[in-house]
$ cat upload-v4.cif   # mmCIF, C-alpha atoms
data_my_file
#
loop_
_atom_site.label_atom_id
_atom_site.label_comp_id
_atom_site.auth_asym_id
_atom_site.auth_seq_id
_atom_site.Cartn_x
_atom_site.Cartn_y
_atom_site.Cartn_z
CA MET Z 1 111.35 96.44 115.21
CA LYS Z 2 111.79 92.82 114.20
CA THR Z 3 112.49 92.23 110.50
CA PHE Z 4 112.74 89.06 108.46
CA ASN Z 5 115.01 87.44 105.95
CA LEU Z 6 112.48 86.90 103.19
CA THR Z 7 114.50 84.58 100.99
CA GLU Z 8 112.97 81.38 102.32
CA SER Z 9 109.37 80.18 102.07
CA GLU Z 10 109.55 76.58 103.20
CA GLY Z 11 106.94 75.11 105.51
CA GLY Z 12 103.88 76.70 107.11
CA PHE Z 13 100.42 77.36 105.74
CA MET Z 14 100.96 80.44 103.60
CA ASN Z 15 99.70 80.53 100.03
CA PRO Z 16 102.20 78.88 97.66
CA ASN Z 17 103.30 82.23 96.16
CA ALA Z 18 104.25 83.77 99.51
CA THR Z 19 107.92 84.45 100.19
CA ILE Z 20 107.58 84.13 103.97
CA THR Z 21 106.75 81.17 106.17
CA ASP Z 22 103.69 80.80 108.36
CA GLU Z 23 105.84 81.36 111.45
CA GLN Z 24 107.23 84.60 110.00
CA PHE Z 25 103.75 85.76 109.07
CA GLN Z 26 102.37 85.15 112.56
CA ALA Z 27 105.32 87.01 114.04
CA TYR Z 28 104.72 89.86 111.61
CA LEU Z 29 101.08 90.16 112.67
CA GLU Z 30 102.20 90.51 116.28
CA GLN Z 31 104.87 93.02 115.24
CA ILE Z 32 102.31 95.22 113.51
CA ARG Z 33 99.87 95.05 116.43
CA ASN Z 34 102.61 96.16 118.80
CA LEU Z 35 103.57 98.95 116.41
CA ALA Z 36 99.98 100.21 116.07
CA GLN Z 37 99.24 100.14 119.78
CA GLY Z 38 102.70 101.34 120.82
CA PRO Z 39 104.69 103.89 118.80
CA PHE Z 40 101.77 104.81 116.53
CA ASP Z 41 99.39 105.41 119.44
CA GLU Z 42 102.00 107.50 121.26
CA MET Z 43 102.73 109.54 118.13
CA GLN Z 44 99.03 110.23 117.60
CA LYS Z 45 98.80 112.50 120.66
CA GLU Z 46 100.70 115.20 118.77
CA ILE Z 47 98.94 114.47 115.48
CA GLU Z 48 95.55 115.10 117.10
CA VAL Z 49 96.71 118.72 117.49
CA THR Z 50 98.78 119.26 114.33
CA ASN Z 51 96.62 117.22 111.94
CA THR Z 52 99.83 116.26 110.13
CA PHE Z 53 101.84 113.03 110.07
CA PRO Z 54 105.46 113.55 111.13
CA GLU Z 55 108.17 112.02 108.97
CA LYS Z 56 108.76 109.50 111.76
CA PHE Z 57 105.43 107.88 110.91
CA TYR Z 58 106.43 107.26 107.30
CA ASP Z 59 109.87 106.06 108.44
CA LEU Z 60 108.35 103.53 110.85
CA ALA Z 61 105.94 102.34 108.17
CA LYS Z 62 108.85 101.72 105.81
CA GLU Z 63 111.00 100.05 108.47
CA ASN Z 64 108.12 97.69 109.26
CA ASP Z 65 107.43 96.84 105.60
CA LEU Z 66 103.95 98.42 105.61
CA TYR Z 67 104.44 99.58 102.01
CA ARG Z 68 105.87 96.22 100.94
CA PHE Z 69 103.94 93.36 102.50
CA TYR Z 70 100.95 93.52 100.14
CA LEU Z 71 102.79 93.66 96.81
CA PRO Z 72 103.34 90.70 94.50
CA ALA Z 73 106.86 89.28 94.77
CA GLU Z 74 107.73 90.54 91.28
CA TYR Z 75 107.41 94.11 92.58
CA GLY Z 76 109.44 93.56 95.74
CA GLY Z 77 106.58 92.38 97.93
CA TRP Z 78 105.87 89.16 99.78
CA GLY Z 79 103.35 87.58 97.41
CA LEU Z 80 100.55 87.49 99.99
CA ASN Z 81 97.03 86.62 98.91
CA GLU Z 82 94.02 88.82 99.73
CA LEU Z 83 93.17 87.00 102.96
CA GLU Z 84 96.71 87.37 104.25
CA ILE Z 85 96.76 91.07 103.30
CA LEU Z 86 93.50 91.64 105.15
CA LYS Z 87 94.85 89.92 108.26
CA VAL Z 88 97.73 92.42 108.36
CA GLN Z 89 95.29 95.27 107.86
CA GLU Z 90 93.19 94.14 110.80
CA GLU Z 91 96.26 94.52 113.01
CA PHE Z 92 97.30 98.04 111.96
CA SER Z 93 93.66 99.14 112.11
CA ARG Z 94 93.78 98.72 115.89
CA GLY Z 95 95.87 101.90 115.94
CA PRO Z 96 95.10 105.53 115.04
CA GLY Z 97 92.43 106.04 112.40
CA GLY Z 98 94.35 108.50 110.25
CA MET Z 99 97.29 106.12 109.99
CA ARG Z 100 94.85 103.31 109.25
CA MET Z 101 93.34 105.41 106.46
CA HIS Z 102 96.77 106.01 104.91
CA LEU Z 103 97.97 102.41 105.24
CA HIS Z 104 94.67 100.85 104.13
CA HIS Z 105 94.79 102.86 100.91
CA ALA Z 106 98.47 101.98 100.46
CA ALA Z 107 97.64 98.28 100.69
CA ASP Z 108 94.96 98.40 98.02
CA MET Z 109 93.95 101.13 95.56
CA ASN Z 110 97.33 102.84 95.79
CA TRP Z 111 99.03 100.13 93.71
CA ARG Z 112 96.30 97.78 92.51
CA ILE Z 113 94.71 100.11 89.94
CA LEU Z 114 98.00 100.61 88.09
CA ASP Z 115 98.73 96.88 88.22
CA ASP Z 116 95.25 95.97 86.96
CA TYR Z 117 94.81 98.61 84.27
CA GLY Z 118 98.10 100.40 83.54
CA CYS Z 119 99.97 99.95 80.28
CA GLN Z 120 103.14 97.90 80.38
CA GLU Z 121 105.35 100.98 80.04
CA LEU Z 122 103.90 102.54 83.20
CA LYS Z 123 104.00 99.27 85.11
CA ASP Z 124 107.63 98.72 84.19
CA GLN Z 125 108.44 102.25 85.30
CA TYR Z 126 106.53 102.44 88.57
CA MET Z 127 105.30 99.13 90.04
CA ASP Z 128 108.51 98.37 91.92
CA LYS Z 129 108.47 101.86 93.47
CA PHE Z 130 105.51 101.24 95.76
CA GLN Z 131 107.51 98.95 98.07
CA ASP Z 132 109.32 101.82 99.85
CA LYS Z 133 106.82 104.60 99.12
CA SER Z 134 108.95 106.08 96.38
CA ILE Z 135 105.54 106.75 94.87
CA TYR Z 136 102.06 106.92 96.39
CA CYS Z 137 98.81 107.36 94.43
CA ASN Z 138 95.48 108.76 95.57
CA PHE Z 139 92.10 108.22 93.91
CA ALA Z 140 89.74 110.95 92.67
CA ILE Z 141 86.18 110.36 91.53
CA THR Z 142 83.94 112.44 93.85
CA GLU Z 143 82.82 115.90 92.77
CA LYS Z 144 80.84 118.68 94.47
CA THR Z 145 78.57 119.07 91.47
CA GLY Z 146 77.60 115.45 90.94
CA GLY Z 147 77.73 111.97 92.35
CA THR Z 148 80.40 109.36 91.86
CA GLY Z 149 78.91 107.74 88.79
CA ALA Z 150 78.09 108.66 85.24
CA ASP Z 151 77.06 112.22 86.17
CA LEU Z 152 80.64 113.42 86.63
CA HIS Z 153 81.66 116.72 85.04
CA THR Z 154 85.47 116.62 84.95
CA THR Z 155 86.50 116.10 81.33
CA ALA Z 156 89.52 114.64 79.54
CA ILE Z 157 89.04 115.51 75.88
CA LYS Z 158 91.24 113.83 73.32
CA GLN Z 159 93.24 116.23 71.14
CA GLU Z 160 94.34 115.90 67.52
CA ASP Z 161 97.86 114.90 68.60
CA GLY Z 162 96.49 112.02 70.71
CA THR Z 163 96.98 113.69 74.10
CA TYR Z 164 94.12 114.35 76.53
CA LEU Z 165 93.23 117.77 78.00
CA LEU Z 166 92.01 117.40 81.59
CA ASN Z 167 89.74 120.07 83.12
CA GLY Z 168 87.47 120.10 86.15
CA GLU Z 169 87.42 119.70 89.92
CA LYS Z 170 87.30 116.87 92.46
CA TRP Z 171 86.34 117.05 96.13
CA LEU Z 172 86.93 115.09 99.36
CA ILE Z 173 90.11 113.49 98.01
CA SER Z 174 92.23 111.62 100.56
CA HIS Z 175 96.04 111.43 100.80
CA THR Z 176 96.64 114.59 98.80
CA ASP Z 177 99.46 115.57 101.17
CA CYS Z 178 101.69 112.62 100.28
CA SER Z 179 100.83 111.57 96.72
CA ASP Z 180 102.85 111.60 93.54
CA PHE Z 181 100.01 110.54 91.22
CA THR Z 182 96.20 110.62 91.18
CA TYR Z 183 93.91 108.06 89.60
CA VAL Z 184 91.33 110.37 88.00
CA ILE Z 185 87.94 109.30 86.62
CA ALA Z 186 86.85 111.78 83.94
CA VAL Z 187 84.44 112.17 81.03
CA THR Z 188 85.99 111.38 77.63
CA ASP Z 189 82.74 111.08 75.68
CA PRO Z 190 80.41 113.93 76.76
CA ASP Z 191 77.79 112.94 74.19
CA SER Z 192 77.20 109.52 75.72
CA ASP Z 193 74.68 109.07 78.54
CA LYS Z 194 76.05 105.68 79.51
CA ASP Z 195 78.89 104.47 81.73
CA SER Z 196 81.09 104.39 78.63
CA ARG Z 197 81.34 108.17 78.79
CA LEU Z 198 83.98 107.76 81.54
CA SER Z 199 87.67 106.86 81.37
CA ALA Z 200 90.43 106.55 83.98
CA PHE Z 201 93.83 108.26 84.02
CA PHE Z 202 97.10 108.12 85.95
CA VAL Z 203 97.84 111.81 86.53
CA PRO Z 204 101.18 113.12 87.88
CA THR Z 205 100.56 115.57 90.72
CA ASP Z 206 103.37 117.82 89.44
CA ALA Z 207 101.73 118.25 86.03
CA PRO Z 208 101.19 121.91 85.04
CA GLY Z 209 97.59 122.89 85.82
CA TYR Z 210 97.18 120.43 88.73
CA GLU Z 211 96.13 122.33 91.87
CA LEU Z 212 95.16 121.47 95.47
CA ILE Z 213 92.16 123.20 97.08
CA PRO Z 214 92.41 123.26 100.92
CA MET Z 215 89.70 121.58 103.04
CA PRO Z 216 88.83 121.80 106.77
CA HIS Z 217 90.08 119.19 109.23
CA MET Z 218 88.02 116.08 109.98
CA MET Z 219 86.24 114.95 113.15
CA GLY Z 220 88.58 111.97 113.46
CA CYS Z 221 91.29 110.10 111.57
CA ARG Z 222 93.56 113.06 112.20
CA GLY Z 223 96.76 113.28 110.17
CA ALA Z 224 95.44 111.92 106.88
CA GLY Z 225 95.52 114.80 104.40
CA HIS Z 226 92.45 115.77 102.38
CA ALA Z 227 91.87 118.40 99.71
CA GLY Z 228 89.95 119.27 96.62
CA LEU Z 229 91.63 119.03 93.22
CA LYS Z 230 91.43 121.49 90.33
CA PHE Z 231 92.60 120.64 86.82
CA THR Z 232 93.18 123.44 84.34
CA ASN Z 233 94.25 122.31 80.88
CA VAL Z 234 96.36 119.45 82.23
CA VAL Z 235 97.94 117.73 79.22
CA LEU Z 236 98.14 113.94 79.51
CA ASP Z 237 100.19 111.65 77.30
CA PRO Z 238 98.11 108.72 75.94
CA LYS Z 239 100.17 106.31 78.04
CA TYR Z 240 98.43 107.69 81.15
CA LEU Z 241 95.07 106.25 80.06
CA LEU Z 242 94.18 103.30 82.30
CA GLY Z 243 92.58 100.47 80.41
CA GLU Z 244 90.61 101.54 77.35
CA GLU Z 245 88.58 104.65 76.64
CA GLY Z 246 85.13 104.18 78.12
CA GLN Z 247 86.38 101.74 80.78
CA GLY Z 248 86.49 104.31 83.59
CA MET Z 249 83.36 103.13 85.38
CA GLU Z 250 84.65 99.56 85.46
CA VAL Z 251 88.02 100.73 86.81
CA ALA Z 252 86.32 102.75 89.53
CA MET Z 253 83.68 100.24 90.59
CA HIS Z 254 85.95 97.19 90.64
CA SER Z 255 88.62 99.07 92.58
CA LEU Z 256 86.08 100.48 95.05
CA ALA Z 257 84.56 97.04 95.58
CA VAL Z 258 87.85 95.60 96.81
CA SER Z 259 88.54 98.70 98.88
CA ARG Z 260 85.17 98.37 100.59
CA VAL Z 261 86.30 95.08 102.08
CA HIS Z 262 89.50 96.77 103.26
CA ILE Z 263 87.24 99.28 105.04
CA ALA Z 264 85.31 96.40 106.57
CA THR Z 265 88.57 94.87 107.77
CA SER Z 266 89.60 98.18 109.31
CA ASN Z 267 86.30 98.23 111.19
CA LEU Z 268 87.00 94.66 112.26
CA GLY Z 269 90.36 95.63 113.76
CA MET Z 270 88.84 98.56 115.63
CA CYS Z 271 85.92 96.45 116.89
CA GLN Z 272 88.27 93.75 118.16
CA ARG Z 273 90.30 96.28 120.13
CA MET Z 274 87.16 97.93 121.53
CA LEU Z 275 85.93 94.53 122.72
CA GLU Z 276 89.24 93.68 124.37
CA ILE Z 277 89.55 96.96 126.28
CA SER Z 278 85.88 96.68 127.29
CA LEU Z 279 86.58 93.24 128.78
CA ASP Z 280 89.56 94.64 130.69
CA ARG Z 281 87.53 97.56 132.01
CA ALA Z 282 84.59 95.38 133.00
CA ALA Z 283 86.88 92.96 134.84
CA ASP Z 284 88.49 95.79 136.85
CA ARG Z 285 85.40 97.87 137.58
CA VAL Z 286 83.84 96.68 140.85
CA THR Z 287 80.42 97.74 142.13
CA PHE Z 288 78.90 96.42 145.33
CA GLY Z 289 81.80 94.01 145.69
CA LYS Z 290 81.45 92.43 142.24
CA PRO Z 291 83.19 93.06 138.89
CA ILE Z 292 80.64 94.40 136.44
CA LEU Z 293 81.89 91.75 133.97
CA LYS Z 294 79.97 89.24 136.11
CA ARG Z 295 76.71 91.19 135.89
CA GLN Z 296 74.11 90.00 133.42
CA ALA Z 297 73.51 93.40 131.83
CA ILE Z 298 77.20 93.75 130.94
CA ARG Z 299 77.50 90.15 129.80
CA MET Z 300 74.67 90.73 127.32
CA LYS Z 301 76.65 93.62 125.85
CA ILE Z 302 79.81 91.53 125.59
CA ALA Z 303 77.83 88.77 123.85
CA ASN Z 304 76.41 91.23 121.32
CA MET Z 305 79.86 92.63 120.60
CA GLN Z 306 81.42 89.20 120.06
CA MET Z 307 78.52 88.10 117.85
CA MET Z 308 78.96 91.06 115.49
CA ILE Z 309 82.75 90.72 115.38
CA HIS Z 310 82.63 87.00 114.60
CA ALA Z 311 80.04 87.49 111.86
CA LEU Z 312 82.03 90.32 110.31
CA ARG Z 313 85.26 88.31 110.30
CA CYS Z 314 83.48 85.38 108.61
CA MET Z 315 82.15 87.73 105.91
CA VAL Z 316 85.56 89.26 105.28
CA TYR Z 317 87.29 85.88 105.10
CA ASP Z 318 84.60 84.55 102.75
CA PHE Z 319 85.12 87.53 100.42
CA ALA Z 320 88.88 87.07 100.46
CA ARG Z 321 88.58 83.42 99.43
CA ASP Z 322 86.28 84.43 96.56
CA PHE Z 323 88.62 87.22 95.47
CA ASP Z 324 91.67 84.97 95.52
CA ASN Z 325 89.75 82.47 93.42
CA ASP Z 326 88.54 85.07 90.87
CA PRO Z 327 88.97 88.85 91.40
CA HIS Z 328 86.16 89.51 88.90
CA GLY Z 329 83.85 86.78 90.18
CA GLU Z 330 80.08 87.00 89.90
CA PHE Z 331 79.47 87.84 93.58
CA ILE Z 332 82.49 90.08 94.28
CA ASP Z 333 80.60 93.39 94.15
CA GLU Z 334 77.68 92.13 96.20
CA LYS Z 335 79.77 90.49 98.90
CA ALA Z 336 82.05 93.54 99.12
CA ALA Z 337 79.06 95.83 99.71
CA ILE Z 338 77.64 93.43 102.29
CA CYS Z 339 80.97 93.40 104.16
CA LYS Z 340 81.18 97.19 104.19
CA LEU Z 341 77.55 97.69 105.24
CA PHE Z 342 77.63 95.08 108.00
CA SER Z 343 80.92 96.46 109.31
CA ILE Z 344 79.22 99.82 109.89
CA ASP Z 345 76.52 98.18 111.99
CA ALA Z 346 79.17 96.18 113.85
CA THR Z 347 81.23 99.27 114.63
CA ARG Z 348 78.16 101.22 115.73
CA LEU Z 349 77.03 98.51 118.14
CA VAL Z 350 80.49 97.66 119.46
CA GLY Z 351 81.44 101.34 119.91
CA ASP Z 352 78.21 102.17 121.72
CA GLU Z 353 78.48 99.15 123.99
CA MET Z 354 82.11 100.05 124.77
CA LEU Z 355 81.08 103.54 125.89
CA GLU Z 356 78.30 102.18 128.08
CA ILE Z 357 80.66 99.68 129.71
CA PHE Z 358 83.21 102.42 130.40
CA GLY Z 359 80.62 104.93 131.50
CA GLY Z 360 81.68 108.57 131.63
CA ASP Z 361 85.36 107.57 131.79
CA GLY Z 362 85.18 106.33 128.21
CA TYR Z 363 84.20 109.76 126.92
CA PHE Z 364 87.50 111.28 128.07
CA GLU Z 365 90.91 111.21 126.42
CA ASP Z 366 93.85 109.21 127.81
CA SER Z 367 92.00 106.25 129.27
CA PRO Z 368 94.50 103.79 130.81
CA TYR Z 369 92.74 100.98 128.93
CA GLY Z 370 93.08 102.49 125.47
CA PRO Z 371 91.93 105.40 123.29
CA THR Z 372 88.19 104.93 123.76
CA GLU Z 373 87.03 108.37 122.59
CA ARG Z 374 89.42 108.37 119.63
CA LEU Z 375 88.32 104.92 118.50
CA TYR Z 376 84.72 106.11 118.68
CA ARG Z 377 85.47 109.19 116.56
CA ASP Z 378 87.80 107.49 114.09
CA SER Z 379 85.38 104.68 113.27
CA ARG Z 380 82.76 107.13 111.99
CA ALA Z 381 84.88 108.03 108.96
CA MET Z 382 84.59 104.48 107.68
CA TRP Z 383 80.82 104.81 107.45
CA LEU Z 384 81.47 107.17 104.53
CA GLU Z 385 84.70 105.97 102.90
CA GLU Z 386 84.15 104.15 99.60
CA GLY Z 387 80.42 104.89 99.71
CA ALA Z 388 77.86 105.65 102.40
CA PRO Z 389 75.47 102.93 103.67
CA THR Z 390 72.83 103.90 101.10
CA VAL Z 391 75.30 103.26 98.27
CA GLN Z 392 76.05 99.80 99.65
CA ARG Z 393 72.34 98.99 99.88
CA ILE Z 394 71.81 100.08 96.27
CA THR Z 395 74.62 97.76 95.15
CA ILE Z 396 73.36 94.84 97.23
CA ALA Z 397 69.76 95.24 96.05
CA ARG Z 398 70.80 95.44 92.38
CA GLU Z 399 72.99 92.35 92.61
CA CYS Z 400 70.39 90.50 94.68
CA GLU Z 401 67.78 91.15 92.00
CA ASP Z 402 70.15 90.02 89.25
CA HIS Z 403 70.94 86.80 91.12
CA HIS Z 404 67.31 86.26 92.19
CA GLY Z 405 68.35 86.20 95.82
CA GLN Z 406 71.00 83.52 95.40
CA ILE Z 407 74.60 83.86 96.59
CA ASN Z 408 77.33 81.24 96.22
CA TYR Z 409 80.15 80.15 98.54
CA LEU Z 410 83.34 78.24 97.90
CA ASP Z 411 83.70 74.85 99.55
#

$ encode --input "upload-v4.cif" --output "structure tokens"
Amino acid sequence: MKTFNLTESEGGFMNPNATITDEQFQAYLEQIRNLAQGPFDEMQKEIEVTNTFPEKFYDLAKENDLYRFYLPAEYGGWGLNELEILKVQEEFSRGPGGMRMHLHHAADMNWRILDDYGCQELKDQYMDKFQDKSIYCNFAITEKTGGTGADLHTTAIKQEDGTYLLNGEKWLISHTDCSDFTYVIAVTDPDSDKDSRLSAFFVPTDAPGYELIPMPHMMGCRGAGHAGLKFTNVVLDPKYLLGEEGQGMEVAMHSLAVSRVHIATSNLGMCQRMLEISLDRAADRVTFGKPILKRQAIRMKIANMQMMIHALRCMVYDFARDFDNDPHGEFIDEKAAICKLFSIDATRLVGDEMLEIFGGDGYFEDSPYGPTERLYRDSRAMWLEEGAPTVQRITIARECEDHHGQINYLD
């Protein structure tokens, strides 16, 4: 794969903190698209059976800087802004869904939570280790016995010596097969009925009392590891507290908001590929002497697909500009939820139209045009990641009420 000398940043249209030029960035986008639709797609055939990423996947991700590109330059990254990061994510999301799930998390919550809320000692020790996957961090909030908000039951009780004692269970936790740490949201003040009862922690996965609980395999996104977590008297040094005590809900909600837009961008990449292979199929498929691409019924489907994709891309780009201007801006949560929710509708429509254009051939594996049935399966996971549609609607409605229906845009 093509690599770059990243010591020069002259010229181009990149943000002023980027360490690569516009020409290098455009070449990198093409490089990642070719990787996703070439070696990654080919590798996925075996992964669909084994449900496990081979080491070659991680090696290729490292060789192609997929653990580096999103980091600030001070941590060995390229200093890209949020819009530039999302453009890269759109490209690798054209490939297998499980790899997308792993790489999307790597590009966001994996490192961002520690950078935003970790103490200086932890940041000095670990932030430069994300660039080559020396460390990888999953995120654990969901529980079987409650929701993902203030009704959590996992506890981290402060002891007389200042340490915290972590006990409880988490469920549906992604990336448990390749992580060195877990961002855990737990109750530190059981007597409070407010959001302040929660705190966030950076928990080593090799800590005594940390246990994985096996889970079944998923419908799609094969290869990405999932498990439940069980904590039994896990002792945590005070340095592992993220932010302040009682700040856990803020850590979780802010981090999930940004990640929701990364989900939307993943849906965007999948939708774009589904549109392109649908156009190719419709141009080749001839009935009664005429390509079906020239038939009105098919053209209406193509128009609907392009409309949803364009609208979704505009929403994602608008969010990225807001985030780069102020990561804690007034409309960040609302716009993030809108992006995620609309991306589900876009993927549903585009995926259904793709299958209708392909007909029965699209329901089979190994289509010469692309992985139609796998794209259809993989996209469904993103309806649920970082909150189901109902959760997004709750967020949007709350923010809409608070803002009296107004929403602002940067010039």

$ closest_residue --input "upload-v4.cif" --among "Z:Gln296, Z:Thr395, Z:Gln31, Z:Gln306" --to "Z:Met253" --atoms "all atoms listed in the file"
Z:Thr395

$ closest_residue --input "upload-v4.cif" --among "Z:Ser199, Z:Ser174, Z:Thr145, Z:Thr265" --to "Z:Ile157" --atoms "all atoms listed in the file"
Z:Ser199

$ atom_distance --input "upload-v4.cif" --atom1 "atom CA of Z:His403" --atom2 "atom CA of Z:Leu83"
25.2 Å

$ residues_around --input "upload-v4.cif" --residues "Z:Leu66" --least-positions-apart "3" --cutoff "10 Å" --atoms "all atoms listed in the file" --output "list in words"
Ile32, Tyr58, Leu60, Ala61, Lys62, Glu63, Phe69, Tyr70, Val88, Gln89, Phe92, Leu103, His104, Ala106, Ala107, Gln131, Asp132 and Lys133 of chain Z

$ closest_residue --input "upload-v4.cif" --among "Z:Arg68, Z:His226, Z:Lys87, Z:Met249" --to "Z:Phe25" --atoms "all atoms listed in the file"
Z:Lys87

$ residues_around --input "upload-v4.cif" --residues "Z:Ile185" --least-positions-apart "3" --cutoff "7 Å" --atoms "all atoms listed in the file" --output "PyMOL selection string"
chain Z and resi 140-141+198-201+248

$ closest_residue --input "upload-v4.cif" --among "Z:Ser266, Z:Thr52, Z:Ser93, Z:Thr182" --to "Z:Lys340" --atoms "all atoms listed in the file"
Z:Ser266

$ resolve_selection --input "upload-v4.cif" --expression "the PyMOL selection byres ((chain Z and resi 270) around 12)" --output "ChimeraX atom specification"
/Z:33,36-37,89-97,100,263-269,271-277,305,309,312,343-344,346-348,350-351,354,370-372,374-380,382

$ atom_distance --input "upload-v4.cif" --atom1 "atom CA of Z:Trp171" --atom2 "atom CA of Z:Glu334"
26.4 Å

$ residues_near_point --input "upload-v4.cif" --point "(84.2, 93.5, 101.9)" --cutoff "7 Å" --atoms "all atoms listed in the file" --output "list in words"
Val258, Arg260, Val261, His262, Ala264, Val316, Phe319, Lys335, Ala336, Ala337, Ile338, Cys339 and Lys340 of chain Z

$ atom_distance --input "upload-v4.cif" --atom1 "atom CA of Z:Asn138" --atom2 "atom CA of Z:Thr176"
6.8 Å

$ closest_residue --input "upload-v4.cif" --among "Z:Arg222, Z:Arg112, Z:Lys144, Z:Arg398" --to "Z:Gln44" --atoms "all atoms listed in the file"
Z:Arg222

$ closest_residue --input "upload-v4.cif" --among "Z:Ile47, Z:Pro204, Z:Leu212, Z:Thr163" --to "Z:Thr188" --atoms "all atoms listed in the file"
Z:Thr163

$ resolve_selection --input "upload-v4.cif" --expression "the PyMOL selection byres ((chain Z and resi 77-79) around 6)" --output "PyMOL selection string"
chain Z and resi 17-19+68-69+71-73+75-76+80
